[in-house]
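A.B. asks: Next comes coords-v8.cif, mmCIF, C-alpha atoms:
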```cif
data_coords
loop_
_atom_site.label_atom_id
_atom_site.label_comp_id
_atom_site.auth_asym_id
_atom_site.auth_seq_id
_atom_site.Cartn_x
_atom_site.Cartn_y
_atom_site.Cartn_z
CA GLY U 143 73.84 156.92 15.86
CA SER U 144 76.73 154.51 15.53
CA LEU U 145 77.51 154.58 19.26
CA LEU U 146 75.45 153.13 22.08
CA SER U 147 74.31 156.55 23.23
CA SER U 148 74.64 160.15 22.08
CA VAL U 149 74.01 162.99 24.50
CA GLY U 150 74.01 166.70 23.66
CA GLY U 151 72.91 169.92 25.33
CA VAL U 152 70.70 170.72 22.32
CA VAL U 153 70.65 167.59 20.11
CA GLY U 154 71.72 164.03 20.91
CA TYR U 155 72.26 162.73 17.36
CA ASN U 156 72.24 164.96 14.27
CA ASN U 157 71.70 162.61 11.31
CA GLY U 158 72.63 164.78 8.33
CA GLY U 159 70.72 167.96 9.12
CA PRO U 160 71.85 171.54 9.76
CA ILE U 161 72.14 172.89 13.30
CA GLU U 162 72.95 176.60 13.39
CA ASN U 163 73.15 179.54 15.78
CA CYS U 164 72.75 177.57 19.01
CA THR U 165 74.10 178.37 22.46
CA PHE U 166 73.92 176.07 25.46
CA GLU U 167 74.93 177.00 28.97
CA GLY U 168 74.89 174.42 31.74
CA SER U 169 76.16 170.89 32.32
CA VAL U 170 76.07 167.82 30.08
CA SER U 171 77.23 164.41 31.32
CA ASN U 172 76.84 160.69 30.76
CA SER U 173 78.33 157.48 32.11
CA ASP U 174 77.29 154.86 29.53
CA ARG U 175 79.97 152.80 27.77
CA GLY U 176 80.71 153.82 24.20
CA ASN U 177 79.03 157.19 24.06
CA ALA U 178 79.37 160.58 22.40
CA VAL U 179 78.78 163.57 24.65
CA GLY U 180 78.79 167.17 23.43
CA GLY U 181 77.87 170.51 24.91
CA VAL U 182 75.63 171.20 21.90
CA VAL U 183 75.46 167.96 19.85
CA GLY U 184 76.40 164.44 20.96
CA GLU U 185 77.04 162.87 17.54
CA ASN U 186 77.03 164.79 14.25
CA SER U 187 76.92 163.58 10.64
CA GLY U 188 75.46 166.83 9.31
CA THR U 189 76.47 170.46 9.77
CA VAL U 190 76.91 172.31 13.05
CA LYS U 191 77.57 176.02 12.47
CA ASN U 192 77.83 179.14 14.65
CA CYS U 193 77.20 177.23 17.86
CA THR U 194 78.66 177.84 21.32
CA PHE U 195 78.92 175.93 24.58
CA LYS U 196 79.23 178.57 27.25
CA ASP U 197 80.65 178.49 30.76
CA GLY U 198 79.41 175.03 31.71
CA ASN U 199 80.88 171.57 32.09
CA VAL U 200 80.81 168.61 29.68
CA SER U 201 81.93 165.53 31.54
CA VAL U 202 82.21 161.75 31.45
CA SER U 203 83.51 159.63 34.30
CA GLY U 204 84.32 155.93 34.39
CA SER U 205 83.08 155.19 30.87
CA PRO U 206 85.38 153.48 28.30
CA LEU U 207 85.35 154.29 24.58
CA SER U 208 83.73 157.70 24.97
CA TYR U 209 84.14 160.82 22.82
CA VAL U 210 83.57 164.08 24.63
CA GLY U 211 83.63 167.58 23.17
CA GLY U 212 82.72 171.07 24.26
CA VAL U 213 80.47 171.47 21.20
CA VAL U 214 80.30 168.02 19.49
CA GLY U 215 81.21 164.62 20.94
CA GLU U 216 81.83 162.73 17.69
CA ASN U 217 81.85 164.39 14.26
CA SER U 218 81.69 162.80 10.81
CA GLY U 219 80.19 165.91 9.20
CA THR U 220 81.17 169.58 9.37
CA VAL U 221 81.65 171.76 12.45
CA LYS U 222 82.25 175.41 11.50
CA ASN U 223 82.53 178.71 13.37
CA CYS U 224 81.87 177.05 16.73
CA SER U 225 83.39 177.77 20.13
CA ASN U 226 83.64 176.49 23.67
CA THR U 227 84.32 178.53 26.80
CA GLY U 228 83.33 175.80 29.27
CA MET U 229 85.20 172.90 30.84
CA VAL U 230 85.58 169.49 29.22
CA SER U 231 86.40 166.79 31.74
CA VAL U 232 87.06 163.09 31.18
CA SER U 233 88.24 160.69 33.88
CA GLY U 234 88.81 156.97 34.12
CA ILE U 235 87.58 156.02 30.64
CA GLY U 236 90.67 154.06 29.61
CA MET U 237 92.21 153.78 26.17
CA GLY U 238 90.10 154.38 23.09
CA GLY U 239 88.32 157.58 24.08
CA SER U 240 89.07 161.23 23.43
CA ALA U 241 88.31 164.69 24.81
CA GLY U 242 88.41 167.96 22.88
CA GLY U 243 87.57 171.57 23.60
CA VAL U 244 85.32 171.72 20.53
CA VAL U 245 85.12 168.13 19.15
CA GLY U 246 85.96 164.91 20.99
CA GLN U 247 86.60 162.75 17.94
CA ASN U 248 86.69 164.03 14.35
CA ALA U 249 85.99 160.88 12.30
CA ASN U 250 86.61 161.79 8.64
CA GLY U 251 84.84 165.10 9.21
CA ILE U 252 85.82 168.76 8.92
CA VAL U 253 86.39 171.12 11.84
CA GLU U 254 87.09 174.67 10.67
CA SER U 255 87.27 178.19 12.07
CA CYS U 256 86.58 177.01 15.63
CA TYR U 257 88.17 177.96 18.94
CA ASN U 258 88.36 176.91 22.57
CA THR U 259 89.15 178.96 25.67
CA GLY U 260 88.05 176.40 28.27
CA THR U 261 90.08 173.85 30.20
CA VAL U 262 90.26 170.32 28.77
CA THR U 263 91.15 167.58 31.24
CA GLY U 264 91.56 163.92 30.33
CA THR U 265 93.10 160.82 31.88
CA GLY U 266 94.11 157.74 29.93
CA THR U 267 92.91 159.22 26.65
CA SER U 268 93.64 161.69 23.83
CA ALA U 269 93.07 165.29 24.90
CA GLY U 270 93.20 168.32 22.60
CA GLY U 271 92.41 171.99 22.94
CA VAL U 272 90.19 171.88 19.84
CA VAL U 273 89.93 168.18 18.84
CA GLY U 274 90.78 165.16 20.99
CA GLU U 275 91.45 162.71 18.15
CA ASN U 276 91.48 163.63 14.47
CA SER U 277 90.94 161.37 11.46
CA GLY U 278 89.73 164.18 9.20
CA THR U 279 90.59 167.84 8.65
CA VAL U 280 91.14 170.54 11.28
CA GLU U 281 91.83 173.99 9.86
CA ASN U 282 91.88 177.63 10.90
CA CYS U 283 91.29 176.78 14.57
CA TYR U 284 92.91 177.99 17.78
CA ASN U 285 93.08 177.23 21.47
CA THR U 286 93.90 179.44 24.45
CA GLY U 287 92.69 177.07 27.19
CA LYS U 288 94.68 174.67 29.35
CA VAL U 289 95.01 171.05 28.24
CA ASN U 290 95.79 168.62 31.07
CA GLY U 291 96.62 164.93 31.12
CA GLY U 292 95.93 162.31 28.48
CA ASP U 293 98.25 159.75 26.91
CA TYR U 294 98.31 162.17 23.97
CA ALA U 295 97.91 165.85 24.83
CA GLY U 296 97.96 168.61 22.22
CA GLY U 297 97.19 172.31 22.22
CA VAL U 298 95.00 171.88 19.13
CA VAL U 299 94.77 168.09 18.50
CA GLY U 300 95.61 165.32 20.96
CA LYS U 301 96.21 162.57 18.39
CA ASN U 302 96.30 162.96 14.62
CA ASN U 303 95.68 159.81 12.55
CA SER U 304 96.91 160.14 8.94
CA SER U 305 95.00 163.41 8.68
CA THR U 306 95.41 167.15 8.20
CA VAL U 307 95.90 169.97 10.72
CA GLU U 308 96.59 173.33 9.11
CA ASN U 309 96.59 177.03 9.91
CA CYS U 310 96.02 176.35 13.61
CA SER U 311 97.56 177.82 16.76
CA ASN U 312 97.81 177.36 20.50
CA THR U 313 98.70 179.75 23.29
CA GLY U 314 97.45 177.60 26.18
CA THR U 315 99.47 175.46 28.59
CA VAL U 316 99.72 171.78 27.63
CA SER U 317 100.68 169.05 30.08
CA GLY U 318 100.51 165.33 29.38
CA SER U 319 101.12 162.08 31.22
CA ASN U 320 102.89 160.75 28.10
CA ASN U 321 103.32 162.49 24.72
CA ALA U 322 102.59 166.22 24.59
CA GLY U 323 102.80 168.81 21.83
CA GLY U 324 102.00 172.49 21.53
CA VAL U 325 99.83 171.82 18.49
CA VAL U 326 99.59 168.00 18.17
CA GLY U 327 100.40 165.47 20.90
CA GLU U 328 101.02 162.51 18.59
CA LYS U 329 101.06 162.52 14.79
CA GLU U 330 100.72 159.11 13.16
CA SER U 331 101.58 160.22 9.60
CA GLY U 332 99.32 162.92 8.14
CA THR U 333 100.12 166.61 7.77
CA VAL U 334 100.64 169.47 10.21
CA GLU U 335 101.35 172.73 8.39
CA ASN U 336 101.30 176.48 8.97
CA CYS U 337 100.72 175.97 12.70
CA TYR U 338 102.35 177.57 15.71
CA ASN U 339 102.48 177.37 19.48
CA THR U 340 103.51 179.87 22.14
CA GLY U 341 102.20 177.94 25.16
CA LYS U 342 104.25 176.00 27.69
CA VAL U 343 104.41 172.25 27.00
CA SER U 344 105.37 169.51 29.48
CA GLY U 345 105.05 165.75 29.53
CA GLU U 346 106.60 162.49 30.68
CA GLY U 347 107.14 160.99 27.21
CA SER U 348 107.90 162.71 23.90
CA VAL U 349 107.46 166.49 24.20
CA GLY U 350 107.61 169.07 21.42
CA GLY U 351 106.80 172.72 20.90
CA VAL U 352 104.61 171.83 17.90
CA VAL U 353 104.40 168.00 17.75
CA GLY U 354 105.11 165.70 20.70
CA GLU U 355 105.77 162.47 18.79
CA ASN U 356 105.97 162.11 15.02
CA SER U 357 105.55 158.55 13.80
#
```
Take the structure from the file and write it as structure tokens.
C.D. replies:
Amino acid sequence: GSLLSSVGGVVGYNNGGPIENCTFEGSVSNSDRGNAVGGVVGENSGTVKNCTFKDGNVSVSGSPLSYVGGVVGENSGTVKNCSNTGMVSVSGIGMGGSAGGVVGQNANGIVESCYNTGTVTGTGTSAGGVVGENSGTVENCYNTGKVNGGDYAGGVVGKNNSSTVENCSNTGTVSGSNNAGGVVGEKESGTVENCYNTGKVSGEGSVGGVVGENS
């Protein structure tokens, strides 16, 4: 993979292939610098479909530049019809990392028809109920889990970089140490459309029912 290490409950690095109908229950963790950690797949450039991370814990502690997701750590392919019911926990990794209920970082990939019900906790990073940081497309996804902490905290996407979030919703509680939004914590251009939030949102910076900060 493109990162120093890729760790997944089922597959570490999926280089273009299909991974379908997988369920992993347990714990997945790593502490290397610059790594992708996912409950099912660490790093994906192929297709991950109909996969679930169930009732476990995906965690990284003290590791900068890490991408951590309930199903996929870093995605440049397609993640479809996937879900997470476990906990995603990131602590002390500093700026440049991201934590998401389904995908940690979506790097020019597609995340569609996915949902998260687990708690996502991040410090000093982007934290999102479905995707931590998005540079691709997130559509038809929803979150009901709690999203805690993060410089950018969003019910669906923590930070959106010139990308698309559409037909998504959040009903979970979102709390951030800086910018927090019911759907997107921080939107640096890009599009957020046909999305809604009914969860409580709180933060110490820019706070919005749908988008925390729009720049």
A.B. asks: Once the PyMOL selection byres ((chain U and resi 151-168) around 9) has been applied to the shown file, what residues remain in the selection, as a PyMOL selection string?
C.D. replies: chain U and resi 143+147-150+169-170+178-200+213+219+228
A.B. asks: I'd like the interatomic distance between atom CA of Tyr257 of chain U and atom CA of Asn223 of chain U, to a tenth of an Å.
C.D. replies: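 Separation of atom CA of Tyr257 of chain U and atom CA of Asn223 of chain U: 8.0 Å.
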A.B. asks: Could you tell me which residues the PyMOL selection byres ((chain U and resi 218) around 7) grabs in this file, written as an MDAnalysis selection string?
C.D. replies: chainID U and resid 186:187 216:217 219:220 248:251
A.B. asks: Using all atoms listed in the file, which protein or nucleic acid residues come within 8 Å of Asn321 of chain U? Drop anything in the same chain fewer than 2 positions from it, and give the result as a VMD selection string.
C.D. replies: chain U and resid 293 to 295 318 to 319 323 327 to 328 345 to 349 354 to 355
A.B. asks: Rank nothing, just name the residue among U:Val352, U:Val299, U:Val244, U:Cys310 nearest to Gly324 of chain U, using only C-alpha atoms.
C.D. replies: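 Smallest distance to Gly324 of chain U is found for U:Val352.
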A.B. asks: Which residues, named as in the file, does the PyMOL selection byres ((chain U and resi 333) around 9) pick out? Answer as a PyMOL selection string.
C.D. replies: chain U and resi 302+304-308+329+331-332+334-335
A.B. asks: Could you work out how far atom CA of Gly350 of chain U lies from atom CA of Ser231 of chain U, giving the answer in Å with one decimal?
C.D. replies: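 It comes out at 23.7 Å.
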A.B. asks: Using only C-alpha atoms, can you tell me which of U:Ile252, U:Met229, U:Val262, U:Val289 comes closest to Gly341 of chain U?
C.D. replies: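 That would be U:Val289, the residue with the smallest distance to Gly341 of chain U.
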A.B. asks: By how many Å are atom CA of Cys224 of chain U and atom CA of Asn282 of chain U apart?
C.D. replies: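 These two atoms are separated by 11.6 Å.
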A.B. asks: Name the residues in contact with Val210 of chain U at a cut-off of 8 Å, using only C-alpha atoms, excluding same-chain residues fewer than 3 positions from it; report them as an MDAnalysis selection string.
C.D. replies: chainID U and resid 178:180 200:202 214:216 230 232 240:242 245:247
A.B. asks: Closest to Gly239 of chain U among U:Gly264, U:Gly287, U:Gly278, U:Gly297, using only C-alpha atoms?
C.D. replies: U:Gly264
A.B. asks: Can you write segment 297-323 of chain U from the block above with N, CA, C and O atoms, as a PDB file, in the first residue's frame?
C.D. replies:
```pdb
ATOM      1  N   GLY U 297     -21.413  14.521  12.059  1.00  0.00           N
ATOM      2  CA  GLY U 297     -22.267  13.351  12.199  1.00  0.00           C
ATOM      3  C   GLY U 297     -22.080  12.344  11.084  1.00  0.00           C
ATOM      4  O   GLY U 297     -22.154  11.139  11.298  1.00  0.00           O
ATOM      5  N   VAL U 298     -21.795  12.825   9.881  1.00  0.00           N
ATOM      6  CA  VAL U 298     -21.535  11.932   8.740  1.00  0.00           C
ATOM      7  C   VAL U 298     -20.070  12.026   8.316  1.00  0.00           C
ATOM      8  O   VAL U 298     -19.390  11.017   8.202  1.00  0.00           O
ATOM      9  N   VAL U 299     -19.569  13.240   8.069  1.00  0.00           N
ATOM     10  CA  VAL U 299     -18.185  13.460   7.637  1.00  0.00           C
ATOM     11  C   VAL U 299     -17.526  14.495   8.541  1.00  0.00           C
ATOM     12  O   VAL U 299     -18.089  15.573   8.767  1.00  0.00           O
ATOM     13  N   GLY U 300     -16.321  14.189   9.028  1.00  0.00           N
ATOM     14  CA  GLY U 300     -15.610  15.151   9.870  1.00  0.00           C
ATOM     15  C   GLY U 300     -15.142  16.356   9.078  1.00  0.00           C
ATOM     16  O   GLY U 300     -15.448  17.499   9.410  1.00  0.00           O
ATOM     17  N   LYS U 301     -14.401  16.112   7.988  1.00  0.00           N
ATOM     18  CA  LYS U 301     -13.882  17.180   7.141  1.00  0.00           C
ATOM     19  C   LYS U 301     -14.095  16.819   5.685  1.00  0.00           C
ATOM     20  O   LYS U 301     -13.752  15.710   5.260  1.00  0.00           O
ATOM     21  N   ASN U 302     -14.676  17.746   4.929  1.00  0.00           N
ATOM     22  CA  ASN U 302     -14.967  17.509   3.519  1.00  0.00           C
ATOM     23  C   ASN U 302     -14.099  18.417   2.663  1.00  0.00           C
ATOM     24  O   ASN U 302     -14.198  19.637   2.744  1.00  0.00           O
ATOM     25  N   ASN U 303     -13.230  17.812   1.827  1.00  0.00           N
ATOM     26  CA  ASN U 303     -12.279  18.567   1.018  1.00  0.00           C
ATOM     27  C   ASN U 303     -12.725  18.622  -0.445  1.00  0.00           C
ATOM     28  O   ASN U 303     -12.496  17.679  -1.202  1.00  0.00           O
ATOM     29  N   SER U 304     -13.368  19.704  -0.849  1.00  0.00           N
ATOM     30  CA  SER U 304     -13.748  19.914  -2.251  1.00  0.00           C
ATOM     31  C   SER U 304     -14.448  18.699  -2.841  1.00  0.00           C
ATOM     32  O   SER U 304     -14.198  18.318  -3.985  1.00  0.00           O
ATOM     33  N   SER U 305     -15.309  18.078  -2.073  1.00  0.00           N
ATOM     34  CA  SER U 305     -15.915  16.808  -2.460  1.00  0.00           C
ATOM     35  C   SER U 305     -17.418  16.813  -2.221  1.00  0.00           C
ATOM     36  O   SER U 305     -17.993  17.824  -1.821  1.00  0.00           O
ATOM     37  N   THR U 306     -18.046  15.666  -2.430  1.00  0.00           N
ATOM     38  CA  THR U 306     -19.503  15.580  -2.413  1.00  0.00           C
ATOM     39  C   THR U 306     -20.025  14.720  -1.272  1.00  0.00           C
ATOM     40  O   THR U 306     -19.557  13.597  -1.069  1.00  0.00           O
ATOM     41  N   VAL U 307     -20.994  15.260  -0.541  1.00  0.00           N
ATOM     42  CA  VAL U 307     -21.749  14.505   0.467  1.00  0.00           C
ATOM     43  C   VAL U 307     -23.222  14.718   0.138  1.00  0.00           C
ATOM     44  O   VAL U 307     -23.706  15.850   0.163  1.00  0.00           O
ATOM     45  N   GLU U 308     -23.934  13.642  -0.198  1.00  0.00           N
ATOM     46  CA  GLU U 308     -25.327  13.819  -0.596  1.00  0.00           C
ATOM     47  C   GLU U 308     -26.207  12.688  -0.092  1.00  0.00           C
ATOM     48  O   GLU U 308     -25.773  11.554   0.081  1.00  0.00           O
ATOM     49  N   ASN U 309     -27.458  13.051   0.171  1.00  0.00           N
ATOM     50  CA  ASN U 309     -28.471  12.100   0.625  1.00  0.00           C
ATOM     51  C   ASN U 309     -28.021  11.344   1.874  1.00  0.00           C
ATOM     52  O   ASN U 309     -28.168  10.122   1.977  1.00  0.00           O
ATOM     53  N   CYS U 310     -27.463  12.082   2.824  1.00  0.00           N
ATOM     54  CA  CYS U 310     -26.957  11.487   4.058  1.00  0.00           C
ATOM     55  C   CYS U 310     -27.655  12.101   5.269  1.00  0.00           C
ATOM     56  O   CYS U 310     -28.176  13.213   5.205  1.00  0.00           O
ATOM     57  N   SER U 311     -27.660  11.359   6.381  1.00  0.00           N
ATOM     58  CA  SER U 311     -28.329  11.860   7.580  1.00  0.00           C
ATOM     59  C   SER U 311     -27.619  11.421   8.846  1.00  0.00           C
ATOM     60  O   SER U 311     -26.882  10.436   8.865  1.00  0.00           O
ATOM     61  N   ASN U 312     -27.874  12.177   9.904  1.00  0.00           N
ATOM     62  CA  ASN U 312     -27.328  11.876  11.223  1.00  0.00           C
ATOM     63  C   ASN U 312     -28.377  12.093  12.293  1.00  0.00           C
ATOM     64  O   ASN U 312     -29.100  13.093  12.273  1.00  0.00           O
ATOM     65  N   THR U 313     -28.458  11.149  13.221  1.00  0.00           N
ATOM     66  CA  THR U 313     -29.322  11.308  14.394  1.00  0.00           C
ATOM     67  C   THR U 313     -28.525  11.192  15.683  1.00  0.00           C
ATOM     68  O   THR U 313     -29.079  11.298  16.764  1.00  0.00           O
ATOM     69  N   GLY U 314     -27.207  10.979  15.566  1.00  0.00           N
ATOM     70  CA  GLY U 314     -26.360  10.823  16.740  1.00  0.00           C
ATOM     71  C   GLY U 314     -25.896  12.148  17.313  1.00  0.00           C
ATOM     72  O   GLY U 314     -25.980  13.194  16.672  1.00  0.00           O
ATOM     73  N   THR U 315     -25.381  12.109  18.532  1.00  0.00           N
ATOM     74  CA  THR U 315     -24.845  13.292  19.201  1.00  0.00           C
ATOM     75  C   THR U 315     -23.434  13.576  18.710  1.00  0.00           C
ATOM     76  O   THR U 315     -22.605  12.667  18.625  1.00  0.00           O
ATOM     77  N   VAL U 316     -23.156  14.839  18.366  1.00  0.00           N
ATOM     78  CA  VAL U 316     -21.844  15.240  17.872  1.00  0.00           C
ATOM     79  C   VAL U 316     -21.254  16.289  18.801  1.00  0.00           C
ATOM     80  O   VAL U 316     -21.884  17.312  19.079  1.00  0.00           O
ATOM     81  N   SER U 317     -20.048  16.034  19.293  1.00  0.00           N
ATOM     82  CA  SER U 317     -19.368  17.031  20.126  1.00  0.00           C
ATOM     83  C   SER U 317     -17.922  17.147  19.669  1.00  0.00           C
ATOM     84  O   SER U 317     -17.244  16.140  19.470  1.00  0.00           O
ATOM     85  N   GLY U 318     -17.465  18.382  19.467  1.00  0.00           N
ATOM     86  CA  GLY U 318     -16.111  18.589  18.970  1.00  0.00           C
ATOM     87  C   GLY U 318     -15.326  19.566  19.812  1.00  0.00           C
ATOM     88  O   GLY U 318     -15.892  20.442  20.466  1.00  0.00           O
ATOM     89  N   SER U 319     -13.999  19.430  19.766  1.00  0.00           N
ATOM     90  CA  SER U 319     -13.133  20.359  20.498  1.00  0.00           C
ATOM     91  C   SER U 319     -12.935  21.648  19.704  1.00  0.00           C
ATOM     92  O   SER U 319     -12.428  22.625  20.234  1.00  0.00           O
ATOM     93  N   ASN U 320     -13.357  21.652  18.420  1.00  0.00           N
ATOM     94  CA  ASN U 320     -13.262  22.860  17.609  1.00  0.00           C
ATOM     95  C   ASN U 320     -14.527  22.977  16.767  1.00  0.00           C
ATOM     96  O   ASN U 320     -15.592  23.253  17.289  1.00  0.00           O
ATOM     97  N   ASN U 321     -14.451  22.732  15.455  1.00  0.00           N
ATOM     98  CA  ASN U 321     -15.614  22.851  14.583  1.00  0.00           C
ATOM     99  C   ASN U 321     -16.449  21.580  14.589  1.00  0.00           C
ATOM    100  O   ASN U 321     -15.905  20.472  14.476  1.00  0.00           O
ATOM    101  N   ALA U 322     -17.766  21.740  14.708  1.00  0.00           N
ATOM    102  CA  ALA U 322     -18.649  20.578  14.770  1.00  0.00           C
ATOM    103  C   ALA U 322     -19.917  20.837  13.970  1.00  0.00           C
ATOM    104  O   ALA U 322     -20.511  21.909  14.048  1.00  0.00           O
ATOM    105  N   GLY U 323     -20.336  19.819  13.194  1.00  0.00           N
ATOM    106  CA  GLY U 323     -21.554  19.938  12.413  1.00  0.00           C
ATOM    107  C   GLY U 323     -22.374  18.669  12.464  1.00  0.00           C
ATOM    108  O   GLY U 323     -21.828  17.566  12.593  1.00  0.00           O
TER     109      GLY U 323
END
```
